[in-house]
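These notes concern the structure reproduced below.
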Amino acid sequence: MTKRTHHCNQLTRQENDQNVTLIGWVQNIRKIGKILFFTLADKHGTTQIVVPDSNPNLLQIAQQLGYQYVVAVEGKVRLRPPKDVNLNMTTGEIEVVASQLHILSPCADPFPLSIDERDTVSEHVRMQYRYLDLRRPSMQEALRFRHNLCFCVREYFHQQGFLEVDTPLLTKSTPEGARDYLVPSRVHPGQFYALPQSPQMFKQLLMIGGVEKYFQIAKCFRDEDLRADRQPEFTQIDVEMSFVEPEDIFSTMEGMFATIFQRILQQPLSTPFPRIRYSEAIEKYGSDKPDLRLEIALQDLSYIAQNTNFRVFQNALQQKGVVKGICFPNAAQHYSRKKLDELATAIQDFQAKGLAWIKIQNQQPQSPIKKFFSPSQLKQLQTLFQANENALILIVADSPNVVHASLSYLRNRLAKELGLLDDQHFAFCWITDYPLFEYNPEEERLESLHHPFTSPHPNDLHLLEKDPLSARSLAYDLVLNGVELGSGSIRIHNPQIQEKIFQLLQLPQEEIQKRFGFFLKALQYGTPPHGGIALGLDRILMLLGGFESIREVIAFPKTATAACPMTGCPSEVSDQQLNELHISLKKG
RNA sequence: GGGGCCGUAGCUCAAUUGGUUAGAGUCCCAGACUGUCGAUCUGGUGGUUGGGGGUUCGAGUCCCCUCGGCCUCGCCA
């Protein structure tokens with residue numbers, strides 16, 4: 001095959017007069033009289049090729065060229081006439097005068113999408129022809145970005161003395177948590193492997209195995225409904241360390257991000273990241289994944305509300321609810337009655353029954369509920385929210401969960417609508433001191449908030465029996481710009497405590513042995529204190545790269561229904577395959 | 001499982017209150033053009049309006065079902 005001597009972003013006036021060979025895809029052909037120009041593109045860039053009128057045989061071959069043909073061009077570099085220099089191209093000072101053209105591969109017509117970045121192509125078509133979509137420079141850049149970041153992560157952990165260890169993809173189903181993807185066993189009729197939701201138990205077993213510092217860029221699988229930032233298979237930066245406390249994990253990960261920012265983004269990153277206790281995050285921002293690009297916090301006005309005549313506030317407070325609000329300066333004129341109604345409708349998703357609002361306009365509070373407040377109460381409100389002219393205060397009265405979910409949503413939504421969020425700014429924070437358990441009212445039992453291997457907070461061990469819901473854990477989340485990047489914890493290394501947790505989760509002894517027996521056994525043989533974290537690699541790339549969806553940083557992503565329009569998976573399989581797997585399908 | 005938006009030429013879109021033969025740009029084909037670079041100019045090809053059913057004199061438009069895409073609530077230890 002013809003070998004290329006240069007790539008398509010390489011030639012400058014330095015190479016003037018040199019004989020070169022380039023190989024690439026034909027981008028666009030311009031025929032002017034008897035001269036023919038075309039742009040040749042490879043992954044590095046583009047170069048203009050001229051087929052001169054002095055070579056009729058070559059022109060004849062050039063006539064056969066079409067969009068996205070793969071062609072090898074032999075020719076001589078020459079400087080363009082000064083008036084025809086194209087400053088938009090790296091190679092715009094030169095062109096290659098073709099002496100030979102070899103069509104290596106023609107391209108089917110019609111071409112199903114445009115490679116040109118200036119054109120928009122629907123995402124469905126992009127997914128169907130992902131291999132063509134990938135030819136777009138922005139997608140090449142996204143793939144390179146992902147590679148560079150992974151490379152940087154591996155180098156960082158390597159230098160810190162970590163070992164990257166592969167863990168199995170065919171493993172044991174451990175209910176609790178997300179729905180598993182199952183793989184039927186041919187050799188064991190009626191039995192199934194599960195694809196890992198995370199390598200959780202394996203990385204702990206590696207600690208028991210004396211590895212001390214483990215990391216892995218690990219594929220994980222969860223059979224749950226999708227979102228813009230959720231795929232059925234995704235990638236985690238998975239980390240586990242022995243003999244550590246939370247702060248050791250924090251500084252290790254901060255070091256990783258500092259390295260990424262320095263090498264990949266070439267911008268400074270301020271460390272350490274702020275640490276915020278879970279309870280404080282909920283009180284101040286209504287969420288355990290606050291967007292700290294925005295300083296505005298929620299305010300509790302229950303003490304004012306309880307003295308007003310407003311029935312809605314009274315009722316909420318009587319039912320152990322709260323009245324809280326959030327104030328946006330300079331927002332009043334942007335929110336008409338109609339838009340405020342839309343906000344009220346939107347928070348119905350979170351079971352909120354209503355939205356109260358106050359605008360400060362012409363130095364006066366304007367509000368449908370103004371009549372329920374005395375002048376001094378209005379004054380108190382304005383002071384509490386530091387509400388100046390043109391401020392907009394949004395208030396929700398309900399149970400704490402509803403109030404926090406609603407106001408957190410409104411905080412994010414208005415910040416976005418008002419253009420207060422700079423996507424070039426990266427605000428990290430650690431959320432700490434999570435509760436160990438939450439109550440599942442449907443199953444009438446406790447559930448682990450993080451996972452059942454999470455160590456209780458040492459100061460709260462005494463609460464496990466009498467008030468488990470008040471017990472804190474040594475779990476933590478890392479949040480970036482309002483998105484949860486991942487979570488981790490210090491693990492339980494004491495088999496008695498681990499068994500105690502399983503009991504509190506009301507797992508029957510038999511069940512515990514069946515699911516986790518091997519793991520409890522392992523804990524008995526000298527388990528080092530250990531802990532770790534797992535971060536969503538795709539989400540990190542999405543945020544640092546300024547993408548709207550993690551699909552943009554995954555070469556071959558799936559749709560919202562977990563399908564692939566390109567390969568057509570999932571798909572039916574033959575009866576023979578099913579027979580071998582001892583599976584019969586339900587009719588209907 | 002629920003809610004919202006969407007589906008018209010290969011691609012990106014338009015089509016008035018339900019009213020003539022569903023248009024435009026681009027792509028492709030042919031011709032013209034000796035410095036273009038999203039070339040330009042002239043002409044041409046290209047349609048099961050996602051699919052099925054219904055209402056109507058008449059459906060891209062209204063109704064029902066269905067398929068597909070995107071967003072979102074629930075869900076995601």
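By convention in this document, the chains of the structure tokens carry letters A, B, ... by their order, each chain's residues are numbered from 1, and ligands are numbered from 1 in the order they are shown.
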
Counting only C-alpha atoms (C1' of nucleotides), what is within 10 Å of range 20-27 of chain B, bar same-chain residues fewer than 3 positions away, as an NGL selection string?
(:A and (67 or 109-114 or 119)) or (:B and (8 or 10-15 or 38 or 47 or 49 or 60))

Select all residues from chain B having any atom no more than 10 Å from an atom of chain A (counting only C-alpha atoms (C1' of nucleotides), ignoring ligands), output as a PDB file with N, CA, C and O atoms (P, O5', C5', C4', C3', O3' and C1' of nucleotides), in the first residue's frame.
ATOM      1  P     G B   3     -48.849   9.546  31.778  1.00  0.00           P
ATOM      2  O5'   G B   3     -48.034  10.903  31.958  1.00  0.00           O
ATOM      3  C5'   G B   3     -48.519  11.928  32.812  1.00  0.00           C
ATOM      4  C4'   G B   3     -47.558  13.088  32.846  1.00  0.00           C
ATOM      5  C3'   G B   3     -47.195  13.679  31.483  1.00  0.00           C
ATOM      6  O3'   G B   3     -48.195  14.544  30.977  1.00  0.00           O
ATOM      7  C1'   G B   3     -45.228  13.376  32.734  1.00  0.00           C
ATOM      8  P     G B  10     -34.871  10.181   1.450  1.00  0.00           P
ATOM      9  O5'   G B  10     -33.474  10.290   2.185  1.00  0.00           O
ATOM     10  C5'   G B  10     -32.813   9.129   2.679  1.00  0.00           C
ATOM     11  C4'   G B  10     -31.402   9.501   3.047  1.00  0.00           C
ATOM     12  C3'   G B  10     -31.293  10.676   3.999  1.00  0.00           C
ATOM     13  O3'   G B  10     -31.371  10.262   5.345  1.00  0.00           O
ATOM     14  C1'   G B  10     -29.905  11.058   2.126  1.00  0.00           C
ATOM     15  P     C B  11     -32.124  11.156   6.451  1.00  0.00           P
ATOM     16  O5'   C B  11     -31.168  12.418   6.581  1.00  0.00           O
ATOM     17  C5'   C B  11     -29.889  12.306   7.201  1.00  0.00           C
ATOM     18  C4'   C B  11     -29.204  13.643   7.210  1.00  0.00           C
ATOM     19  C3'   C B  11     -30.010  14.760   7.854  1.00  0.00           C
ATOM     20  O3'   C B  11     -29.842  14.790   9.259  1.00  0.00           O
ATOM     21  C1'   C B  11     -29.207  15.486   5.760  1.00  0.00           C
ATOM     22  P     U B  12     -31.013  15.289  10.205  1.00  0.00           P
ATOM     23  O5'   U B  12     -31.098  16.842   9.884  1.00  0.00           O
ATOM     24  C5'   U B  12     -30.060  17.721  10.325  1.00  0.00           C
ATOM     25  C4'   U B  12     -30.389  19.140   9.955  1.00  0.00           C
ATOM     26  C3'   U B  12     -31.791  19.599  10.325  1.00  0.00           C
ATOM     27  O3'   U B  12     -31.904  19.945  11.691  1.00  0.00           O
ATOM     28  C1'   U B  12     -31.293  20.275   8.110  1.00  0.00           C
ATOM     29  P     U B  26     -28.161  25.493  -1.835  1.00  0.00           P
ATOM     30  O5'   U B  26     -27.677  24.199  -1.035  1.00  0.00           O
ATOM     31  C5'   U B  26     -26.747  24.326   0.043  1.00  0.00           C
ATOM     32  C4'   U B  26     -26.608  23.016   0.779  1.00  0.00           C
ATOM     33  C3'   U B  26     -26.102  21.839  -0.042  1.00  0.00           C
ATOM     34  O3'   U B  26     -24.685  21.842  -0.161  1.00  0.00           O
ATOM     35  C1'   U B  26     -27.971  21.163   1.223  1.00  0.00           C
ATOM     36  P     C B  27     -23.991  21.247  -1.464  1.00  0.00           P
ATOM     37  O5'   C B  27     -24.317  19.692  -1.381  1.00  0.00           O
ATOM     38  C5'   C B  27     -23.733  18.891  -0.363  1.00  0.00           C
ATOM     39  C4'   C B  27     -24.300  17.501  -0.418  1.00  0.00           C
ATOM     40  C3'   C B  27     -24.161  16.794  -1.767  1.00  0.00           C
ATOM     41  O3'   C B  27     -22.890  16.208  -1.918  1.00  0.00           O
ATOM     42  C1'   C B  27     -26.367  16.529  -0.951  1.00  0.00           C
ATOM     43  P     C B  28     -22.166  16.231  -3.341  1.00  0.00           P
ATOM     44  O5'   C B  28     -23.092  15.288  -4.233  1.00  0.00           O
ATOM     45  C5'   C B  28     -23.186  13.901  -3.962  1.00  0.00           C
ATOM     46  C4'   C B  28     -24.221  13.270  -4.855  1.00  0.00           C
ATOM     47  C3'   C B  28     -24.071  13.579  -6.340  1.00  0.00           C
ATOM     48  O3'   C B  28     -23.111  12.754  -6.972  1.00  0.00           O
ATOM     49  C1'   C B  28     -26.313  13.913  -5.699  1.00  0.00           C
ATOM     50  P     A B  32     -19.607  22.129 -20.329  1.00  0.00           P
ATOM     51  O5'   A B  32     -19.841  23.593 -19.725  1.00  0.00           O
ATOM     52  C5'   A B  32     -20.409  24.600 -20.536  1.00  0.00           C
ATOM     53  C4'   A B  32     -20.519  25.893 -19.771  1.00  0.00           C
ATOM     54  C3'   A B  32     -19.206  26.414 -19.187  1.00  0.00           C
ATOM     55  O3'   A B  32     -18.406  27.075 -20.137  1.00  0.00           O
ATOM     56  C1'   A B  32     -20.926  26.554 -17.567  1.00  0.00           C
ATOM     57  P     C B  33     -16.838  26.858 -20.110  1.00  0.00           P
ATOM     58  O5'   C B  33     -16.380  27.666 -18.817  1.00  0.00           O
ATOM     59  C5'   C B  33     -16.582  29.066 -18.748  1.00  0.00           C
ATOM     60  C4'   C B  33     -16.351  29.540 -17.331  1.00  0.00           C
ATOM     61  C3'   C B  33     -15.004  29.159 -16.729  1.00  0.00           C
ATOM     62  O3'   C B  33     -13.955  30.018 -17.158  1.00  0.00           O
ATOM     63  C1'   C B  33     -16.716  28.701 -15.176  1.00  0.00           C
ATOM     64  P     U B  34     -12.542  29.325 -17.415  1.00  0.00           P
ATOM     65  O5'   U B  34     -11.708  29.822 -16.164  1.00  0.00           O
ATOM     66  C5'   U B  34     -12.027  29.394 -14.845  1.00  0.00           C
ATOM     67  C4'   U B  34     -10.780  29.371 -14.016  1.00  0.00           C
ATOM     68  C3'   U B  34      -9.990  30.674 -14.018  1.00  0.00           C
ATOM     69  O3'   U B  34      -9.384  30.803 -12.743  1.00  0.00           O
ATOM     70  C1'   U B  34      -8.631  28.944 -14.817  1.00  0.00           C
ATOM     71  P     G B  35      -9.413  32.212 -11.974  1.00  0.00           P
ATOM     72  O5'   G B  35      -9.191  31.717 -10.494  1.00  0.00           O
ATOM     73  C5'   G B  35     -10.164  30.891  -9.850  1.00  0.00           C
ATOM     74  C4'   G B  35      -9.763  30.691  -8.422  1.00  0.00           C
ATOM     75  C3'   G B  35      -9.298  31.968  -7.735  1.00  0.00           C
ATOM     76  O3'   G B  35      -9.634  31.891  -6.363  1.00  0.00           O
ATOM     77  C1'   G B  35      -7.579  30.367  -7.669  1.00  0.00           C
ATOM     78  P     U B  36     -10.799  32.789  -5.763  1.00  0.00           P
ATOM     79  O5'   U B  36     -11.775  31.689  -5.168  1.00  0.00           O
ATOM     80  C5'   U B  36     -12.768  31.114  -5.999  1.00  0.00           C
ATOM     81  C4'   U B  36     -12.907  29.653  -5.704  1.00  0.00           C
ATOM     82  C3'   U B  36     -13.094  29.322  -4.224  1.00  0.00           C
ATOM     83  O3'   U B  36     -14.440  29.496  -3.816  1.00  0.00           O
ATOM     84  C1'   U B  36     -11.501  27.861  -5.166  1.00  0.00           C
ATOM     85  P     C B  37     -14.749  30.108  -2.368  1.00  0.00           P
ATOM     86  O5'   C B  37     -14.141  29.032  -1.370  1.00  0.00           O
ATOM     87  C5'   C B  37     -14.741  27.746  -1.262  1.00  0.00           C
ATOM     88  C4'   C B  37     -13.868  26.856  -0.408  1.00  0.00           C
ATOM     89  C3'   C B  37     -13.636  27.365   1.006  1.00  0.00           C
ATOM     90  O3'   C B  37     -14.691  26.945   1.834  1.00  0.00           O
ATOM     91  C1'   C B  37     -11.589  26.651   0.046  1.00  0.00           C
ATOM     92  P     G B  38     -15.171  27.668   3.048  1.00  0.00           P
ATOM     93  O5'   G B  38     -16.283  26.626   3.495  1.00  0.00           O
ATOM     94  C5'   G B  38     -16.105  25.243   3.226  1.00  0.00           C
ATOM     95  C4'   G B  38     -17.334  24.642   2.620  1.00  0.00           C
ATOM     96  C3'   G B  38     -17.824  25.318   1.355  1.00  0.00           C
ATOM     97  O3'   G B  38     -18.488  24.351   0.538  1.00  0.00           O
ATOM     98  C1'   G B  38     -19.472  25.495   3.004  1.00  0.00           C
ATOM     99  P     A B  39     -17.680  23.795  -0.749  1.00  0.00           P
ATOM    100  O5'   A B  39     -17.401  25.146  -1.562  1.00  0.00           O
ATOM    101  C5'   A B  39     -18.408  25.659  -2.397  1.00  0.00           C
ATOM    102  C4'   A B  39     -18.096  27.093  -2.718  1.00  0.00           C
ATOM    103  C3'   A B  39     -19.150  27.793  -3.550  1.00  0.00           C
ATOM    104  O3'   A B  39     -20.224  28.252  -2.736  1.00  0.00           O
ATOM    105  C1'   A B  39     -17.025  28.210  -4.480  1.00  0.00           C
ATOM    106  P     U B  40     -21.752  28.049  -3.259  1.00  0.00           P
ATOM    107  O5'   U B  40     -21.775  29.013  -4.530  1.00  0.00           O
ATOM    108  C5'   U B  40     -21.614  30.407  -4.388  1.00  0.00           C
ATOM    109  C4'   U B  40     -21.517  31.052  -5.748  1.00  0.00           C
ATOM    110  C3'   U B  40     -22.667  30.738  -6.696  1.00  0.00           C
ATOM    111  O3'   U B  40     -23.789  31.570  -6.458  1.00  0.00           O
ATOM    112  C1'   U B  40     -20.611  30.433  -7.824  1.00  0.00           C
ATOM    113  P     G B  68     -39.603   0.573  19.982  1.00  0.00           P
ATOM    114  O5'   G B  68     -38.909   1.872  19.388  1.00  0.00           O
ATOM    115  C5'   G B  68     -37.958   1.765  18.350  1.00  0.00           C
ATOM    116  C4'   G B  68     -37.573   3.119  17.839  1.00  0.00           C
ATOM    117  C3'   G B  68     -37.028   4.099  18.865  1.00  0.00           C
ATOM    118  O3'   G B  68     -35.689   3.824  19.231  1.00  0.00           O
ATOM    119  C1'   G B  68     -38.566   5.214  17.471  1.00  0.00           C
ATOM    120  P     G B  69     -35.152   4.301  20.668  1.00  0.00           P
ATOM    121  O5'   G B  69     -34.982   5.871  20.485  1.00  0.00           O
ATOM    122  C5'   G B  69     -34.004   6.377  19.601  1.00  0.00           C
ATOM    123  C4'   G B  69     -34.070   7.871  19.545  1.00  0.00           C
ATOM    124  C3'   G B  69     -33.936   8.600  20.874  1.00  0.00           C
ATOM    125  O3'   G B  69     -32.596   8.681  21.307  1.00  0.00           O
ATOM    126  C1'   G B  69     -35.710   9.542  19.648  1.00  0.00           C
ATOM    127  P     C B  70     -32.266   8.716  22.868  1.00  0.00           P
ATOM    128  O5'   C B  70     -32.631  10.207  23.272  1.00  0.00           O
ATOM    129  C5'   C B  70     -31.895  11.302  22.751  1.00  0.00           C
ATOM    130  C4'   C B  70     -32.540  12.600  23.167  1.00  0.00           C
ATOM    131  C3'   C B  70     -32.744  12.773  24.659  1.00  0.00           C
ATOM    132  O3'   C B  70     -31.570  13.179  25.329  1.00  0.00           O
ATOM    133  C1'   C B  70     -34.726  13.366  23.528  1.00  0.00           C
ATOM    134  P     C B  71     -31.376  12.779  26.874  1.00  0.00           P
ATOM    135  O5'   C B  71     -32.419  13.713  27.649  1.00  0.00           O
ATOM    136  C5'   C B  71     -32.244  15.111  27.651  1.00  0.00           C
ATOM    137  C4'   C B  71     -33.418  15.779  28.325  1.00  0.00           C
ATOM    138  C3'   C B  71     -33.751  15.289  29.732  1.00  0.00           C
ATOM    139  O3'   C B  71     -32.882  15.825  30.707  1.00  0.00           O
ATOM    140  C1'   C B  71     -35.736  15.486  28.477  1.00  0.00           C
ATOM    141  P     U B  72     -32.514  14.960  31.981  1.00  0.00           P
ATOM    142  O5'   U B  72     -33.893  14.919  32.775  1.00  0.00           O
ATOM    143  C5'   U B  72     -34.436  16.104  33.343  1.00  0.00           C
ATOM    144  C4'   U B  72     -35.854  15.865  33.824  1.00  0.00           C
ATOM    145  C3'   U B  72     -36.005  14.834  34.932  1.00  0.00           C
ATOM    146  O3'   U B  72     -35.738  15.401  36.203  1.00  0.00           O
ATOM    147  C1'   U B  72     -37.637  14.452  33.254  1.00  0.00           C
ATOM    148  P     C B  73     -35.334  14.491  37.418  1.00  0.00           P
ATOM    149  O5'   C B  73     -36.736  13.912  37.907  1.00  0.00           O
ATOM    150  C5'   C B  73     -37.622  14.715  38.671  1.00  0.00           C
ATOM    151  C4'   C B  73     -38.845  13.931  39.059  1.00  0.00           C
ATOM    152  C3'   C B  73     -38.590  12.625  39.791  1.00  0.00           C
ATOM    153  O3'   C B  73     -38.320  12.803  41.172  1.00  0.00           O
ATOM    154  C1'   C B  73     -40.181  12.259  38.092  1.00  0.00           C
ATOM    155  P     G B  74     -37.348  11.825  41.935  1.00  0.00           P
ATOM    156  O5'   G B  74     -38.103  10.408  41.862  1.00  0.00           O
ATOM    157  C5'   G B  74     -39.256  10.162  42.645  1.00  0.00           C
ATOM    158  C4'   G B  74     -39.864   8.822  42.264  1.00  0.00           C
ATOM    159  C3'   G B  74     -38.956   7.610  42.428  1.00  0.00           C
ATOM    160  O3'   G B  74     -38.928   7.124  43.753  1.00  0.00           O
ATOM    161  C1'   G B  74     -39.977   7.539  40.311  1.00  0.00           C
ATOM    162  P     C B  75     -37.532   6.774  44.440  1.00  0.00           P
ATOM    163  O5'   C B  75     -36.873   5.724  43.445  1.00  0.00           O
ATOM    164  C5'   C B  75     -37.361   4.382  43.353  1.00  0.00           C
ATOM    165  C4'   C B  75     -36.663   3.667  42.229  1.00  0.00           C
ATOM    166  C3'   C B  75     -35.143   3.599  42.322  1.00  0.00           C
ATOM    167  O3'   C B  75     -34.698   2.565  43.182  1.00  0.00           O
ATOM    168  C1'   C B  75     -35.749   4.277  40.154  1.00  0.00           C
ATOM    169  P     C B  76     -33.414   2.815  44.079  1.00  0.00           P
ATOM    170  O5'   C B  76     -32.254   3.026  43.013  1.00  0.00           O
ATOM    171  C5'   C B  76     -31.705   1.930  42.303  1.00  0.00           C
ATOM    172  C4'   C B  76     -30.608   2.401  41.387  1.00  0.00           C
ATOM    173  C3'   C B  76     -29.419   3.067  42.070  1.00  0.00           C
ATOM    174  O3'   C B  76     -28.510   2.127  42.576  1.00  0.00           O
ATOM    175  C1'   C B  76     -30.101   4.365  40.223  1.00  0.00           C
ATOM    176  P     A B  77     -27.530   2.643  43.724  1.00  0.00           P
ATOM    177  O5'   A B  77     -27.809   1.673  44.953  1.00  0.00           O
ATOM    178  C5'   A B  77     -29.107   1.583  45.527  1.00  0.00           C
ATOM    179  C4'   A B  77     -29.015   1.021  46.905  1.00  0.00           C
ATOM    180  C3'   A B  77     -28.460   1.985  47.951  1.00  0.00           C
ATOM    181  O3'   A B  77     -29.127   1.715  49.199  1.00  0.00           O
ATOM    182  C1'   A B  77     -27.128   0.061  47.866  1.00  0.00           C
TER     183        A B  77
END

How would you write, as a ChimeraX atom specification, the set of residues in range 12-235 of chain A that DSSP gives as strand (DSSP E or B)?
/A:19-32,35-42,45-51,70-79,94-105,163-164,171,182-184,192-194,213-221,227,230,233-235

Contacts of Ile260 in chain A within 12 Å, only C-alpha atoms (C1' of nucleotides), excl. fewer than 6 positions in-chain, as a list in words:
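Returned residues: Phe145, Arg146, Asn148, Leu149, Cys150, Phe151, Cys152, Val153, Arg154, Glu155, Tyr156, Phe157, Met253, Glu254, Gln266, Gln267, Pro268, Leu269, Ile540, Leu541 and Leu544 of chain A.
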
Could those residues be written to a file, using N, CA and C atoms, as a PDB file, in the first residue's frame?
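So the final result, stored in again.pdb, reads:
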ATOM      1  N   PHE A 145      -9.611  13.448  24.326  1.00  0.00           N
ATOM      2  CA  PHE A 145      -9.773  13.990  25.685  1.00  0.00           C
ATOM      3  C   PHE A 145      -9.924  12.852  26.687  1.00  0.00           C
ATOM      4  N   ARG A 146     -10.755  11.897  26.332  1.00  0.00           N
ATOM      5  CA  ARG A 146     -10.977  10.758  27.225  1.00  0.00           C
ATOM      6  C   ARG A 146      -9.686   9.955  27.411  1.00  0.00           C
ATOM      7  N   ASN A 148      -6.583  10.971  27.002  1.00  0.00           N
ATOM      8  CA  ASN A 148      -5.589  11.737  27.747  1.00  0.00           C
ATOM      9  C   ASN A 148      -5.888  11.732  29.239  1.00  0.00           C
ATOM     10  N   LEU A 149      -7.169  11.866  29.566  1.00  0.00           N
ATOM     11  CA  LEU A 149      -7.529  11.905  30.978  1.00  0.00           C
ATOM     12  C   LEU A 149      -7.283  10.549  31.630  1.00  0.00           C
ATOM     13  N   CYS A 150      -7.647   9.475  30.947  1.00  0.00           N
ATOM     14  CA  CYS A 150      -7.406   8.130  31.485  1.00  0.00           C
ATOM     15  C   CYS A 150      -5.919   7.888  31.674  1.00  0.00           C
ATOM     16  N   PHE A 151      -5.150   8.325  30.684  1.00  0.00           N
ATOM     17  CA  PHE A 151      -3.693   8.157  30.740  1.00  0.00           C
ATOM     18  C   PHE A 151      -3.125   8.903  31.948  1.00  0.00           C
ATOM     19  N   CYS A 152      -3.631  10.101  32.140  1.00  0.00           N
ATOM     20  CA  CYS A 152      -3.187  10.945  33.250  1.00  0.00           C
ATOM     21  C   CYS A 152      -3.548  10.307  34.593  1.00  0.00           C
ATOM     22  N   VAL A 153      -4.755   9.751  34.674  1.00  0.00           N
ATOM     23  CA  VAL A 153      -5.203   9.098  35.899  1.00  0.00           C
ATOM     24  C   VAL A 153      -4.313   7.887  36.200  1.00  0.00           C
ATOM     25  N   ARG A 154      -4.040   7.100  35.174  1.00  0.00           N
ATOM     26  CA  ARG A 154      -3.211   5.905  35.388  1.00  0.00           C
ATOM     27  C   ARG A 154      -1.811   6.294  35.843  1.00  0.00           C
ATOM     28  N   GLU A 155      -1.267   7.319  35.210  1.00  0.00           N
ATOM     29  CA  GLU A 155       0.079   7.752  35.563  1.00  0.00           C
ATOM     30  C   GLU A 155       0.118   8.269  37.005  1.00  0.00           C
ATOM     31  N   TYR A 156      -0.923   9.029  37.365  1.00  0.00           N
ATOM     32  CA  TYR A 156      -0.976   9.574  38.731  1.00  0.00           C
ATOM     33  C   TYR A 156      -0.979   8.450  39.760  1.00  0.00           C
ATOM     34  N   PHE A 157      -1.896   7.486  39.567  1.00  0.00           N
ATOM     35  CA  PHE A 157      -2.004   6.424  40.577  1.00  0.00           C
ATOM     36  C   PHE A 157      -0.752   5.538  40.573  1.00  0.00           C
ATOM     37  N   MET A 253      -7.592  12.000  46.135  1.00  0.00           N
ATOM     38  CA  MET A 253      -8.423  12.338  44.976  1.00  0.00           C
ATOM     39  C   MET A 253      -8.227  13.796  44.563  1.00  0.00           C
ATOM     40  N   GLU A 254      -8.007  14.649  45.557  1.00  0.00           N
ATOM     41  CA  GLU A 254      -7.722  16.049  45.218  1.00  0.00           C
ATOM     42  C   GLU A 254      -6.428  16.141  44.415  1.00  0.00           C
ATOM     43  N   GLN A 266      -4.890  22.502  31.756  1.00  0.00           N
ATOM     44  CA  GLN A 266      -3.932  23.609  31.883  1.00  0.00           C
ATOM     45  C   GLN A 266      -4.538  24.797  32.615  1.00  0.00           C
ATOM     46  N   GLN A 267      -5.179  24.497  33.727  1.00  0.00           N
ATOM     47  CA  GLN A 267      -5.645  25.594  34.570  1.00  0.00           C
ATOM     48  C   GLN A 267      -5.496  25.193  36.023  1.00  0.00           C
ATOM     49  N   PRO A 268      -5.372  26.185  36.885  1.00  0.00           N
ATOM     50  CA  PRO A 268      -5.146  25.871  38.293  1.00  0.00           C
ATOM     51  C   PRO A 268      -6.411  25.328  38.948  1.00  0.00           C
ATOM     52  N   LEU A 269      -6.215  24.558  40.005  1.00  0.00           N
ATOM     53  CA  LEU A 269      -7.347  24.039  40.758  1.00  0.00           C
ATOM     54  C   LEU A 269      -7.044  24.264  42.230  1.00  0.00           C
ATOM     55  N   ILE A 540     -17.152  12.907  34.858  1.00  0.00           N
ATOM     56  CA  ILE A 540     -16.011  13.827  34.969  1.00  0.00           C
ATOM     57  C   ILE A 540     -15.702  14.418  33.600  1.00  0.00           C
ATOM     58  N   LEU A 541     -15.651  13.555  32.586  1.00  0.00           N
ATOM     59  CA  LEU A 541     -15.349  14.016  31.228  1.00  0.00           C
ATOM     60  C   LEU A 541     -16.424  14.966  30.724  1.00  0.00           C
ATOM     61  N   LEU A 544     -15.921  18.374  32.738  1.00  0.00           N
ATOM     62  CA  LEU A 544     -14.684  19.089  32.429  1.00  0.00           C
ATOM     63  C   LEU A 544     -14.642  19.471  30.953  1.00  0.00           C
TER      64      LEU A 544
END

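Interatomic distance, CA of Asp398 in chain A to CA of Val479 in chain A: 26.7 Å.
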